[in-house]
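**Student:** One structure, pasted below without further comment.
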Amino acid sequence: MRPVFSGKVGAMADGLLSALRQLRSRLDHDLFPLAIGDVAADRRALKELIGQLDDYLLPRLAAIDAPLLAVVGGSTGAGKSTLVNSLVGANVTKTGVLRPTTLAPTLVANPADGPWFTATEVLPGLPRVTGRGPGEPGTLKIVQTPELPEGLALLDAPDIDSVVTANRELAAQLLAAADLWLFVTTAARYADEVPWGFLRTARERSTALGIILQRVPAEALDPVTKDLSRLLRENDLADSPLFVIPELQLPQEHARLPEPNVRKIKDWLTSLSADAKARAEVVRQTLSGALDSLAVRVPALAEAADRQRLGVGELRGMAERSYDVGMSGFDEGMRDGSLLRGEVLARWQDFIGTGDLMRSLESRIGWLRDRLTAIVTGRPAPDRRLEVALESGVESLIRATADGSAERALESWLATPSGRDLLERAGVATAGRLGRATPELPARAITTVREWQGYVLDLVRSEGADKRNVARAASFGVNSLGLLVMFGVFASTGGVTGVELGIAGGTSVLSQKLLEAIFGDQAVRNLTDQARGDLRARVRALLDIEQARFTALLDDLEVPDSAALREAAQAVEELKRELPA
Ligand SMILES: Nc1nc2c(ncn2[C@@H]2O[C@H](COP(=O)(O)OP(=O)(O)OP(=O)(O)O)[C@@H](O)[C@H]2O)c(=O)[nH]1
Ligand SMILES: [Mg+2]
């Protein structure tokens, strides 16, 4: 077979080919994982683009002098298979009265061109079958016959407007793989909308096109031909050759059209395939049309990718804000004194006794200090129950914070289409669980509080080791001092005391005064700040684990790199001039 282009031209397109491969590699993942905007349309556009790269642009550029592929497309029953058999002069593909008849495409080629099509560069997704009988759906049947001239292969496709979805999609895929479309329609169907949708796509992509109007009753030949010509003009397709075949009485079911009726089409095809220049013209037209279309289609996908990126960021922000709000709530719960009520307060009063001390609060600090020191000296360690009450108060604050944050995050996601879709795909069971803290949280909260208590005791120990404090600290005991610091954490911030906050019994003021009596007020402020900061950090770390259940769903998504997509399209655009003019 004579090459369409010289070997030199083939080599020149190498840069373009590798730019296209680069673009193709950018499209390999699920680029549109979130339900944002018309994501179904975005996914379809992506699939079409991938299809055209794989099925046409890449193989065609890799072997620019391969034979022409003409795909015969149109509505079911239009006579596509009949036309292919008639052009070949042999029954190579099945025709029939059942609609639709053709389910698996059949490709007919001259044996000299056969290897090009039996290899899987063209339409790599379709396994090849040969031999008699119709091909199985999902395969590409290849028939080699010397009846067809070298340089051109005919592909009999399923119907474009099939009731069978797989048929429809396959027809579109096959048309995107073609150098040339042979569009078959009939007097009854030529004005249908679906074929015109395809024809407009062909025009937009400058795909080489021939139109065959079949089964036109004698009396309608003139008006129908005129009307179709008008439609072609209106759709900017007047340049495409139009072949008209009148309605013929076929002698039997699988009969072919008489040779004189298809001679013009045959001659036209032969002229395209026999003449290297004409063939090159067809390839160049369709190839550059497809390449030009990338300049619009890829940026549109890049925009859709940007919408995805924004959407992922928004969902992430919602989850993070939900847990930030939770953390603020925890801060508020630490300082509003609510932890020092009920059981904690009762145990505290058991421990310290209130009457005398409360009355003493009004008195001079110096006096108070002596008095307090006297009171606390030799006092037994606080009841373990006080510690337990405080622990469980902090634990339940942590649990409530984690539950509330989870509920907020889940609700905010469910309120957006993309969040709802993501949760649905993650499984309803998961979504239900996401609305509460993790099952491990209560145990983690207990550990966290214990570790924090350990930290506070260490703080108190090192402060107590200071020689100015050592005697008083020792007399009071590390555990009691630790409890006082914890009380300080839960009841005083920025100079607002428990009394001012109306905390029952002035609990915190008392703890504060006791501590100050032992360590001095500056040291007490430092101790309290450190203890509070440490608890916050530990709780934040717990919430981070909780929050990660949401953000992990986003981390699993591959957010497309739209800049890389645009660059890849730009590179193709710049290298397009490598194509021979
Ligand atoms: N009388 C007459 N019958 C025709 C003509 N062309 C096709 N037929 C018949 O119409 C029926 C459908 O033709 P096919 O060639 O199978 O149609 P198709 O476009 O391949 O249909 P699908 O494979 O279903 O998409 C067959 O029974 C053919 O014999 C024609 O010009 N005249
Ligand atoms: Mg058919």
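Lettering and numbering for the structure tokens are positional, with chains as A, B, ... in the shown order, residues counted from 1 in each chain, and ligands counted from 1 in the shown order.
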Give me the residues of range 260-314 of chain A that have any atom at most 7 Å from an atom of range 557-567 of chain A; for each, the nearest atom pair and the distance in Å, rounded to one decimal. Use only C-alpha atoms, sort by chain and number, and format it as CSV.
**Tutor:**
residue,atom,partner,partner_atom,distance
A:Val298,CA,A:Arg566,CA,6.9
A:Pro299,CA,A:Arg566,CA,6.0
A:Ala302,CA,A:Ser562,CA,4.7
A:Ala305,CA,A:Pro560,CA,5.7
A:Asp306,CA,A:Ser562,CA,6.3
A:Gln308,CA,A:Val559,CA,7.0
A:Arg309,CA,A:Val559,CA,5.9
**Student:** Using only C-alpha atoms and all ligand atoms, I'd like a table of the residues in chain A that come within 7 Å of ligand 1; for each, show the closest atom pair and its distance in Å rounded to one decimal, ordered by chain and ascending number, as CSV.
**Tutor:**
residue,atom,partner,partner_atom_place_in_ligand_line,distance
A:Gly74,CA,ligand 1,19 (O),6.6
A:Ser75,CA,ligand 1,25 (O),5.9
A:Thr76,CA,ligand 1,25 (O),3.4
A:Gly77,CA,ligand 1,17 (O),3.6
A:Ala78,CA,ligand 1,19 (O),4.0
A:Gly79,CA,ligand 1,15 (O),3.3
A:Lys80,CA,ligand 1,19 (O),3.7
A:Ser81,CA,ligand 1,20 (O),3.7
A:Thr82,CA,ligand 1,15 (O),3.7
A:Leu83,CA,ligand 1,15 (O),6.4
A:Lys94,CA,ligand 1,16 (O),6.6
A:Thr95,CA,ligand 1,16 (O),3.3
A:Gly96,CA,ligand 1,27 (O),4.1
A:Val97,CA,ligand 1,27 (O),4.1
A:Leu98,CA,ligand 1,24 (O),6.8
A:Arg99,CA,ligand 1,24 (O),4.7
A:Pro100,CA,ligand 1,24 (O),3.2
A:Thr101,CA,ligand 1,24 (O),3.7
A:Thr102,CA,ligand 1,23 (O),3.6
A:Leu103,CA,ligand 1,23 (O),6.9
A:Pro158,CA,ligand 1,25 (O),4.9
A:Asp159,CA,ligand 1,25 (O),4.1
A:Gln214,CA,ligand 1,31 (O),5.9
A:Arg215,CA,ligand 1,31 (O),4.7
A:Pro246,CA,ligand 1,31 (O),6.9
A:Glu247,CA,ligand 1,31 (O),5.0
A:Leu248,CA,ligand 1,32 (N),4.4
A:Gln249,CA,ligand 1,1 (N),4.6
A:Leu250,CA,ligand 1,1 (N),4.9
A:Glu253,CA,ligand 1,29 (O),4.9
A:His254,CA,ligand 1,29 (O),5.2
A:Ala255,CA,ligand 1,29 (O),6.1
A:Leu257,CA,ligand 1,31 (O),6.5
**Student:** Just write the chosen residues, N, CA and C atoms, as a tab-separated table (two decimals), in the first residue's frame.
**Tutor:**
chain	number	residue	atom	x	y	z
A	74	GLY	N	-25.88	5.57	11.08
A	74	GLY	CA	-27.23	6.05	10.82
A	74	GLY	C	-28.25	5.30	11.66
A	75	SER	N	-29.53	5.61	11.42
A	75	SER	CA	-30.60	5.01	12.22
A	75	SER	C	-30.76	3.53	11.92
A	76	THR	N	-31.42	2.82	12.82
A	76	THR	CA	-31.65	1.39	12.60
A	76	THR	C	-32.60	1.19	11.43
A	77	GLY	N	-32.28	0.18	10.62
A	77	GLY	CA	-33.14	-0.13	9.47
A	77	GLY	C	-32.93	0.79	8.28
A	78	ALA	N	-31.99	1.75	8.41
A	78	ALA	CA	-31.74	2.67	7.29
A	78	ALA	C	-31.12	1.94	6.11
A	79	GLY	N	-30.56	0.78	6.37
A	79	GLY	CA	-29.94	-0.01	5.31
A	79	GLY	C	-28.43	0.09	5.32
A	80	LYS	N	-27.83	0.30	6.50
A	80	LYS	CA	-26.37	0.43	6.60
A	80	LYS	C	-25.68	-0.88	6.21
A	81	SER	N	-26.18	-1.97	6.81
A	81	SER	CA	-25.54	-3.26	6.52
A	81	SER	C	-25.74	-3.64	5.07
A	82	THR	N	-26.94	-3.37	4.58
A	82	THR	CA	-27.23	-3.66	3.18
A	82	THR	C	-26.27	-2.88	2.27
A	83	LEU	N	-26.03	-1.62	2.63
A	83	LEU	CA	-25.12	-0.79	1.82
A	83	LEU	C	-23.70	-1.35	1.85
A	94	LYS	N	-24.50	-8.98	8.47
A	94	LYS	CA	-25.88	-9.45	8.47
A	94	LYS	C	-26.85	-8.28	8.36
A	95	THR	N	-27.82	-8.46	7.45
A	95	THR	CA	-28.90	-7.48	7.34
A	95	THR	C	-30.14	-8.15	7.91
A	96	GLY	N	-31.19	-7.40	8.14
A	96	GLY	CA	-32.37	-8.10	8.65
A	96	GLY	C	-33.54	-7.21	8.95
A	97	VAL	N	-34.67	-7.89	9.17
A	97	VAL	CA	-35.90	-7.16	9.46
A	97	VAL	C	-36.05	-6.86	10.94
A	98	LEU	N	-35.27	-7.59	11.77
A	98	LEU	CA	-35.34	-7.32	13.21
A	98	LEU	C	-34.61	-6.02	13.51
A	99	ARG	N	-35.21	-5.19	14.36
A	99	ARG	CA	-34.57	-3.92	14.72
A	99	ARG	C	-34.11	-3.98	16.16
A	100	PRO	N	-32.90	-3.58	16.53
A	100	PRO	CA	-31.79	-3.40	15.60
A	100	PRO	C	-31.17	-4.74	15.22
A	101	THR	N	-30.62	-4.80	14.02
A	101	THR	CA	-29.99	-6.05	13.56
A	101	THR	C	-28.52	-6.11	13.96
A	102	THR	N	-27.81	-5.03	13.66
A	102	THR	CA	-26.36	-5.06	13.90
A	102	THR	C	-26.07	-4.69	15.35
A	103	LEU	N	-25.53	-5.64	16.08
A	103	LEU	CA	-25.20	-5.40	17.49
A	103	LEU	C	-23.69	-5.29	17.68
A	158	PRO	N	-23.46	-0.29	14.62
A	158	PRO	CA	-24.83	-0.36	15.12
A	158	PRO	C	-25.50	1.00	14.95
A	159	ASP	N	-26.80	1.06	15.20
A	159	ASP	CA	-27.55	2.30	14.97
A	159	ASP	C	-27.23	3.37	16.01
A	214	GLN	N	-31.30	6.79	1.23
A	214	GLN	CA	-31.78	5.53	0.68
A	214	GLN	C	-33.29	5.45	0.72
A	215	ARG	N	-33.80	4.48	-0.01
A	215	ARG	CA	-35.21	4.10	0.09
A	215	ARG	C	-36.15	5.28	-0.14
A	246	PRO	N	-32.83	5.36	-4.93
A	246	PRO	CA	-34.30	5.23	-4.84
A	246	PRO	C	-34.70	3.93	-4.16
A	247	GLU	N	-35.96	3.88	-3.71
A	247	GLU	CA	-36.50	2.66	-3.09
A	247	GLU	C	-36.50	1.56	-4.14
A	248	LEU	N	-35.96	0.41	-3.77
A	248	LEU	CA	-35.88	-0.71	-4.71
A	248	LEU	C	-36.62	-1.89	-4.12
A	249	GLN	N	-37.24	-2.64	-5.02
A	249	GLN	CA	-37.84	-3.90	-4.56
A	249	GLN	C	-36.73	-4.93	-4.49
A	250	LEU	N	-36.32	-5.31	-3.29
A	250	LEU	CA	-35.26	-6.30	-3.18
A	250	LEU	C	-35.86	-7.69	-3.29
A	253	GLU	N	-34.73	-11.39	1.33
A	253	GLU	CA	-34.46	-10.66	2.57
A	253	GLU	C	-33.05	-10.10	2.66
A	254	HIS	N	-32.04	-10.90	2.33
A	254	HIS	CA	-30.67	-10.42	2.52
A	254	HIS	C	-30.04	-9.97	1.20
A	255	ALA	N	-30.91	-9.51	0.32
A	255	ALA	CA	-30.42	-9.10	-1.00
A	255	ALA	C	-29.57	-7.85	-0.90
A	257	LEU	N	-28.11	-4.27	-2.91
A	257	LEU	CA	-28.59	-3.31	-3.89
A	257	LEU	C	-27.87	-3.58	-5.21
**Student:** Skip range 272-276 of chain A itself and residues of its chain fewer than 3 positions away, then list as a count of residues only all residues within 6 Å of it, counting only C-alpha atoms.
**Tutor:** 6
**Student:** Would you list, as a PyMOL selection string, the residues of range 110-340 of chain A that end up in strand (DSSP E or B) under DSSP run on this structure's backbone?
**Tutor:** chain A and resi 128-129+140-144+152-156+180-186+208-216+242-246
**Student:** Would you output that residue set with C-alpha atoms, as a PDB file, in the first residue's frame?
**Tutor:**
ATOM      1  CA  ARG A 128     -11.150  -8.881  17.467  1.00  0.00           C
ATOM      2  CA  VAL A 129     -13.067 -11.827  16.098  1.00  0.00           C
ATOM      3  CA  LEU A 140     -15.097  -6.139  16.486  1.00  0.00           C
ATOM      4  CA  LYS A 141     -15.572  -8.647  13.702  1.00  0.00           C
ATOM      5  CA  ILE A 142     -12.988  -8.361  10.951  1.00  0.00           C
ATOM      6  CA  VAL A 143     -13.662  -9.609   7.440  1.00  0.00           C
ATOM      7  CA  GLN A 144     -10.892  -9.507   4.858  1.00  0.00           C
ATOM      8  CA  LEU A 152      -9.919   1.847   2.617  1.00  0.00           C
ATOM      9  CA  ALA A 153     -11.830  -0.158   5.203  1.00  0.00           C
ATOM     10  CA  LEU A 154     -15.583  -0.064   5.756  1.00  0.00           C
ATOM     11  CA  LEU A 155     -17.046  -0.427   9.209  1.00  0.00           C
ATOM     12  CA  ASP A 156     -20.704  -1.407   9.594  1.00  0.00           C
ATOM     13  CA  LEU A 180     -14.638   9.320   7.120  1.00  0.00           C
ATOM     14  CA  TRP A 181     -18.320   8.997   7.940  1.00  0.00           C
ATOM     15  CA  LEU A 182     -20.787   7.432   5.550  1.00  0.00           C
ATOM     16  CA  PHE A 183     -24.069   8.637   6.900  1.00  0.00           C
ATOM     17  CA  VAL A 184     -27.041   6.549   5.815  1.00  0.00           C
ATOM     18  CA  THR A 185     -30.578   7.865   6.126  1.00  0.00           C
ATOM     19  CA  THR A 186     -33.935   7.277   4.448  1.00  0.00           C
ATOM     20  CA  ALA A 208     -14.895  14.090   6.314  1.00  0.00           C
ATOM     21  CA  LEU A 209     -18.432  13.064   5.493  1.00  0.00           C
ATOM     22  CA  GLY A 210     -20.527  11.459   2.746  1.00  0.00           C
ATOM     23  CA  ILE A 211     -24.336  11.289   3.022  1.00  0.00           C
ATOM     24  CA  ILE A 212     -26.403   8.499   1.526  1.00  0.00           C
ATOM     25  CA  LEU A 213     -30.152   8.932   1.232  1.00  0.00           C
ATOM     26  CA  GLN A 214     -31.778   5.526   0.676  1.00  0.00           C
ATOM     27  CA  ARG A 215     -35.207   4.100   0.089  1.00  0.00           C
ATOM     28  CA  VAL A 216     -36.707   7.148  -1.536  1.00  0.00           C
ATOM     29  CA  LEU A 242     -24.889  13.485  -1.165  1.00  0.00           C
ATOM     30  CA  PHE A 243     -25.799  10.172  -2.825  1.00  0.00           C
ATOM     31  CA  VAL A 244     -29.427   9.307  -3.437  1.00  0.00           C
ATOM     32  CA  ILE A 245     -30.639   5.729  -3.946  1.00  0.00           C
ATOM     33  CA  PRO A 246     -34.295   5.233  -4.843  1.00  0.00           C
TER      34      PRO A 246
END
**Student:** Which of range 58-202 of chain A end up as alpha helix (DSSP H) when DSSP is run on this backbone - answer as a PyMOL selection string?
**Tutor:** chain A and resi 58-62+80-88+114-118+165-176+193-202
**Student:** Atoms to include: N, CA and C atoms. Write the selected residues as a short mmCIF file (atom, residue, chain, number, x, y, z; two decimals), in the first residue's frame.
**Tutor:**
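Dumped to selection-v6.cif:
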data_model
loop_
_atom_site.label_atom_id
_atom_site.label_comp_id
_atom_site.auth_asym_id
_atom_site.auth_seq_id
_atom_site.Cartn_x
_atom_site.Cartn_y
_atom_site.Cartn_z
N LEU A 58 -4.54 9.04 18.53
CA LEU A 58 -3.25 8.40 18.82
C LEU A 58 -2.87 7.37 17.75
N PRO A 59 -3.77 6.43 17.43
CA PRO A 59 -3.37 5.46 16.38
C PRO A 59 -3.15 6.12 15.02
N ARG A 60 -3.96 7.13 14.71
CA ARG A 60 -3.83 7.75 13.40
C ARG A 60 -2.50 8.49 13.29
N LEU A 61 -2.11 9.19 14.34
CA LEU A 61 -0.84 9.91 14.27
C LEU A 61 0.36 8.96 14.34
N ALA A 62 0.18 7.86 15.06
CA ALA A 62 1.29 6.90 15.17
C ALA A 62 1.52 6.20 13.83
N LYS A 80 -27.83 0.30 6.50
CA LYS A 80 -26.37 0.43 6.60
C LYS A 80 -25.68 -0.88 6.21
N SER A 81 -26.18 -1.97 6.81
CA SER A 81 -25.54 -3.26 6.52
C SER A 81 -25.74 -3.64 5.07
N THR A 82 -26.94 -3.37 4.58
CA THR A 82 -27.23 -3.66 3.18
C THR A 82 -26.27 -2.88 2.27
N LEU A 83 -26.03 -1.62 2.63
CA LEU A 83 -25.12 -0.79 1.82
C LEU A 83 -23.70 -1.35 1.85
N VAL A 84 -23.24 -1.75 3.04
CA VAL A 84 -21.87 -2.28 3.14
C VAL A 84 -21.74 -3.52 2.27
N ASN A 85 -22.70 -4.44 2.37
CA ASN A 85 -22.66 -5.65 1.53
C ASN A 85 -22.68 -5.29 0.05
N SER A 86 -23.48 -4.29 -0.29
CA SER A 86 -23.61 -3.91 -1.70
C SER A 86 -22.31 -3.29 -2.19
N LEU A 87 -21.65 -2.49 -1.36
CA LEU A 87 -20.39 -1.87 -1.78
C LEU A 87 -19.28 -2.91 -1.92
N VAL A 88 -19.31 -3.90 -1.04
CA VAL A 88 -18.28 -4.95 -1.09
C VAL A 88 -18.60 -5.95 -2.20
N GLY A 114 -5.44 -5.78 6.15
CA GLY A 114 -5.94 -6.53 7.31
C GLY A 114 -5.12 -6.38 8.58
N PRO A 115 -3.77 -6.58 8.45
CA PRO A 115 -2.95 -6.56 9.68
C PRO A 115 -3.10 -5.27 10.47
N TRP A 116 -3.30 -4.17 9.76
CA TRP A 116 -3.45 -2.88 10.46
C TRP A 116 -4.66 -2.91 11.40
N PHE A 117 -5.73 -3.62 10.95
CA PHE A 117 -6.95 -3.62 11.76
C PHE A 117 -7.02 -4.80 12.72
N THR A 118 -6.36 -5.91 12.35
CA THR A 118 -6.37 -7.03 13.31
C THR A 118 -5.49 -6.71 14.52
N THR A 165 -28.81 1.00 24.78
CA THR A 165 -27.82 2.01 25.16
C THR A 165 -26.43 1.65 24.66
N ALA A 166 -26.05 0.39 24.86
CA ALA A 166 -24.70 -0.05 24.48
C ALA A 166 -24.47 0.19 23.00
N ASN A 167 -25.53 -0.05 22.19
CA ASN A 167 -25.45 0.15 20.74
C ASN A 167 -25.16 1.61 20.41
N ARG A 168 -25.95 2.47 21.06
CA ARG A 168 -25.84 3.90 20.82
C ARG A 168 -24.44 4.40 21.15
N GLU A 169 -23.97 3.99 22.33
CA GLU A 169 -22.65 4.46 22.76
C GLU A 169 -21.56 3.93 21.84
N LEU A 170 -21.71 2.65 21.42
CA LEU A 170 -20.71 2.07 20.54
C LEU A 170 -20.70 2.80 19.20
N ALA A 171 -21.91 3.11 18.69
CA ALA A 171 -21.98 3.83 17.41
C ALA A 171 -21.23 5.15 17.50
N ALA A 172 -21.44 5.88 18.62
CA ALA A 172 -20.76 7.16 18.79
C ALA A 172 -19.25 6.96 18.87
N GLN A 173 -18.84 5.91 19.57
CA GLN A 173 -17.40 5.61 19.70
C GLN A 173 -16.79 5.30 18.33
N LEU A 174 -17.53 4.53 17.53
CA LEU A 174 -17.00 4.14 16.22
C LEU A 174 -16.89 5.35 15.30
N LEU A 175 -17.89 6.21 15.37
CA LEU A 175 -17.84 7.40 14.52
C LEU A 175 -16.65 8.28 14.90
N ALA A 176 -16.37 8.36 16.23
CA ALA A 176 -15.23 9.18 16.65
C ALA A 176 -13.90 8.58 16.19
N GLU A 193 -34.06 14.05 14.69
CA GLU A 193 -33.14 14.93 15.40
C GLU A 193 -31.80 14.26 15.72
N VAL A 194 -31.82 13.00 16.15
CA VAL A 194 -30.57 12.36 16.59
C VAL A 194 -29.48 12.39 15.50
N PRO A 195 -29.81 11.96 14.27
CA PRO A 195 -28.76 12.00 13.23
C PRO A 195 -28.20 13.40 13.04
N TRP A 196 -29.04 14.41 13.14
CA TRP A 196 -28.53 15.77 12.94
C TRP A 196 -27.59 16.19 14.06
N GLY A 197 -27.84 15.68 15.25
CA GLY A 197 -26.91 15.94 16.36
C GLY A 197 -25.52 15.42 15.98
N PHE A 198 -25.49 14.21 15.42
CA PHE A 198 -24.20 13.63 15.01
C PHE A 198 -23.58 14.42 13.87
N LEU A 199 -24.45 14.81 12.91
CA LEU A 199 -23.93 15.53 11.75
C LEU A 199 -23.33 16.88 12.16
N ARG A 200 -23.97 17.52 13.13
CA ARG A 200 -23.42 18.80 13.60
C ARG A 200 -22.06 18.59 14.28
N THR A 201 -21.95 17.48 15.04
CA THR A 201 -20.66 17.17 15.64
C THR A 201 -19.61 16.97 14.56
N ALA A 202 -20.01 16.26 13.50
CA ALA A 202 -19.09 16.03 12.39
C ALA A 202 -18.62 17.36 11.81
#
**Student:** Smallest atom-to-atom distance to ligand 2: which of A:Val485, A:Leu46, A:Val72, A:Ala548, using only C-alpha atoms and all ligand atoms?
**Tutor:** A:Val72
